[in-house]
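**Student:** Have a look at this one.
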Amino acid sequence: MKTIPIAIVDDHTLMSKALENMIMENPQYSVIMNHPNGEDFIADLEKASELPAVVLMDINMPYKNGIETTEWLSEHHPEIKVIALTMEDDEKVLIKMLKAGAKGYLLKDMQPSILFQAIDTVFDKGSFYTDFVAQKLLKVKTEDLKTASLLSELKDKEKEFIKWACSELTYKEIADKMFLSPKTIDGYRDSVFTKLEIKNRVGLVLFALKHDLC
């Protein structure tokens with residue numbers, strides 16, 4: 001029976017030590033590294049005689065956080081699989097971690113059986129996602145599709161209006177810049193507010209910044 005070598009990267013000492021002790025009780029696994037941040041982990045990794053197959057990676061750490069460390073691993077050791085093990089349940093953090101190359105994402109309050117299942121699945125098949133992660137990804141995908149649909153409804157002149165709306169110009173000054181009448185600009189404003197489901201110029205600017213329309 002093959003032993004899976006594991007690294008733990010977590011700045012919470014009590015958590016990481018308890019995790020190590022729990023894992024080491026199972027002869028199928030071996031914790032070969034345990035570091036409080038990505039910087040120390042990478043330094044040790046570069047001189048190690050044995051590499052971990054799976055890394056349990058915290059996200060919020062000093063010196064080099066989980067996202068940065070996972071990006072480094074994806075570039076230098078893509079064969080090492082990362083499972084994010086964190087208290088963060090924010091979909092933005094989840095997406096950043098998955099984009100960095102994480103193959104799994106677990107909350108720290110999960111059952112030990114789920115952790116071992118995730119390690120085995122990532123080691124054998126390459127990735128593991130709980131229902132929680134699947135629901136988060138579905139929500140993000142749904143929001144992306146909705147945004148894409150909203151943006152597809154905008155006409156070129158409306159997009160140009162949005163860019164000017166991100167400036168300090170008044171609507172009348174925007175009309176002058178676009179060589180249109182103030183009444184036409186009012187029409188663009190009302191149309192854009194309706195299409196993007198926003199109520200005022202501040203909301204429009206925030207939407208534009210979020211989706212690179214400014």
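Labels for the structure tokens follow display order: chains A, B, ..., residues from 1 in each chain, ligands from 1.
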Enumerate the residues of region 3-205 of chain A with a DSSP assignment of helix (DSSP H, G or I), computed from the backbone, and present them as JSON, numbers by chain.

**Tutor:** {"A": [13, 14, 15, 16, 17, 18, 19, 20, 21, 22, 23, 24, 38, 39, 40, 41, 42, 43, 44, 45, 66, 67, 68, 69, 70, 71, 72, 73, 74, 75, 76, 91, 92, 93, 94, 95, 96, 97, 98, 99, 100, 112, 113, 114, 115, 116, 117, 118, 119, 120, 121, 122, 123, 124, 125, 131, 132, 133, 134, 135, 136, 137, 138, 139, 140, 141, 142, 143, 144, 145, 146, 147, 148, 149, 150, 151, 152, 156, 157, 158, 159, 160, 161, 162, 163, 164, 165, 171, 172, 173, 174, 175, 176, 177, 182, 183, 184, 185, 186, 187, 188, 189, 190, 191, 192, 193, 194, 195, 196, 201, 202, 203, 204, 205]}

**Student:** Rounded to one decimal place, report the CA of Ile119 (chain A)-CA of Met57 (chain A) distance in Å.

**Tutor:**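 Separating CA of Ile119 (chain A) from CA of Met57 (chain A) is a distance of 12.2 Å.
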
**Student:** Between A:Ile80, A:Ala18, A:Met87, A:Ala7, which residue has the minimum interatomic distance to Asp44 (chain A), considering only C-alpha atoms?

**Tutor:**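 Looking at the shortest contact to Asp44 (chain A), the residue is A:Ala7.
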
**Student:** Using only C-alpha atoms, what does the table of region 97-196 of chain A residues within 10 Å of region 20-38 of chain A look like, with each row giving the shortest atom pair and its distance in Å to one decimal, sorted by chain and ascending number, as CSV?

**Tutor:**
```
residue,atom,partner,partner_atom,distance
A:Pro112,CA,A:Met22,CA,8.5
A:Leu115,CA,A:Ile23,CA,9.5
A:Phe116,CA,A:Ile23,CA,8.4
A:Ile119,CA,A:Tyr29,CA,9.3
A:Asp120,CA,A:Gln28,CA,9.7
```

**Student:** Identify, on the basis of only C-alpha atoms, every residue whose closest approach to Phe161 (chain A) does not exceed 8 Å; exclude the query and any residue fewer than 2 positions from it along the same chain; express the result as a list in words.

**Tutor:**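 These residues fall inside the cut-off: Lys157, Glu158, Lys159, Lys163, Trp164, Ala165, Ile174, Met178, Ile185, Tyr188 and Arg189 of chain A.
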
**Student:** Residues at most 10 Å from Gly126 (chain A), counting only C-alpha atoms, excluding those fewer than 3 positions away in the same chain, as a list in words?

**Tutor:**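 Listing them by chain and then by number gives Glu79, Ile80, Lys81, Val82, Ala102, Lys103, Gly104, Ala118, Ile119, Asp120, Thr121, Val122 and Phe123 of chain A.
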
**Student:** DSSP says strand (DSSP E) for which residues of region 18-90 of chain A? Put them as a PyMOL selection string?

**Tutor:** chain A and resi 29-35+54-57+81-86

**Student:** For a quick check of understanding, using only C-alpha atoms, which of A:Ala84, A:Leu204, A:Glu91, A:Ile162 has the smallest distance to Phe128 (chain A)?

**Tutor:**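 Of A:Ala84, A:Leu204, A:Glu91, A:Ile162, the one nearest Phe128 (chain A) is A:Ala84, counting only C-alpha atoms.
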
**Student:** Neighbouring residues of Ile67 (chain A) were defined as those with any atom within 8 Å, considering only C-alpha atoms; residues of the same chain fewer than 6 positions away were excluded. Please report them as a PyMOL selection string.

**Tutor:** chain A and resi 59+96-97+100

**Student:** Those residues with N, CA, C and O atoms, as a JSON list (two decimals), in the first residue's frame please?

**Tutor:**
```json
[["chain", "number", "residue", "atom", "x", "y", "z"],
["A", 59, "ILE", "N", -5.06, 29.92, 3.14],
["A", 59, "ILE", "CA", -5.07, 31.04, 2.18],
["A", 59, "ILE", "C", -4.45, 32.30, 2.79],
["A", 59, "ILE", "O", -3.54, 32.88, 2.22],
["A", 96, "LYS", "N", -10.25, 32.73, -7.05],
["A", 96, "LYS", "CA", -8.84, 33.08, -7.12],
["A", 96, "LYS", "C", -7.96, 31.87, -6.84],
["A", 96, "LYS", "O", -6.95, 31.64, -7.50],
["A", 97, "MET", "N", -8.36, 31.09, -5.84],
["A", 97, "MET", "CA", -7.58, 29.91, -5.47],
["A", 97, "MET", "C", -7.63, 28.84, -6.56],
["A", 97, "MET", "O", -6.61, 28.23, -6.90],
["A", 100, "ALA", "N", -5.53, 29.88, -9.42],
["A", 100, "ALA", "CA", -4.11, 29.74, -9.10],
["A", 100, "ALA", "C", -3.64, 28.30, -9.31],
["A", 100, "ALA", "O", -2.45, 28.05, -9.47]]
```

**Student:** Please provide the set of residues having any atom within 12 Å of Glu197 (chain A), restricted to only C-alpha atoms, with same-chain residues fewer than 3 positions apart removed, written as a count of residues only.

**Tutor:** 15

**Student:** Counting only C-alpha atoms, which residue out of A:Leu85, A:Asp10, A:Ala53, A:Leu206 sits closest to Asn65 (chain A)?

**Tutor:**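 Checking each candidate against Asn65 (chain A), we get A:Asp10 as the closest.
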
**Student:** CA of Ala148 (chain A) to CA of Leu209 (chain A): how many Å, to one decimal?

**Tutor:**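 Computing it gives 15.0 Å between the two atoms.
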
**Student:** Could you tell me how far CA of His12 (chain A) sits from CA of Ser49 (chain A), in Å to one decimal place?

**Tutor:**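 Value for the CA of Ser49 (chain A)-CA of His12 (chain A) distance: 25.9 Å.
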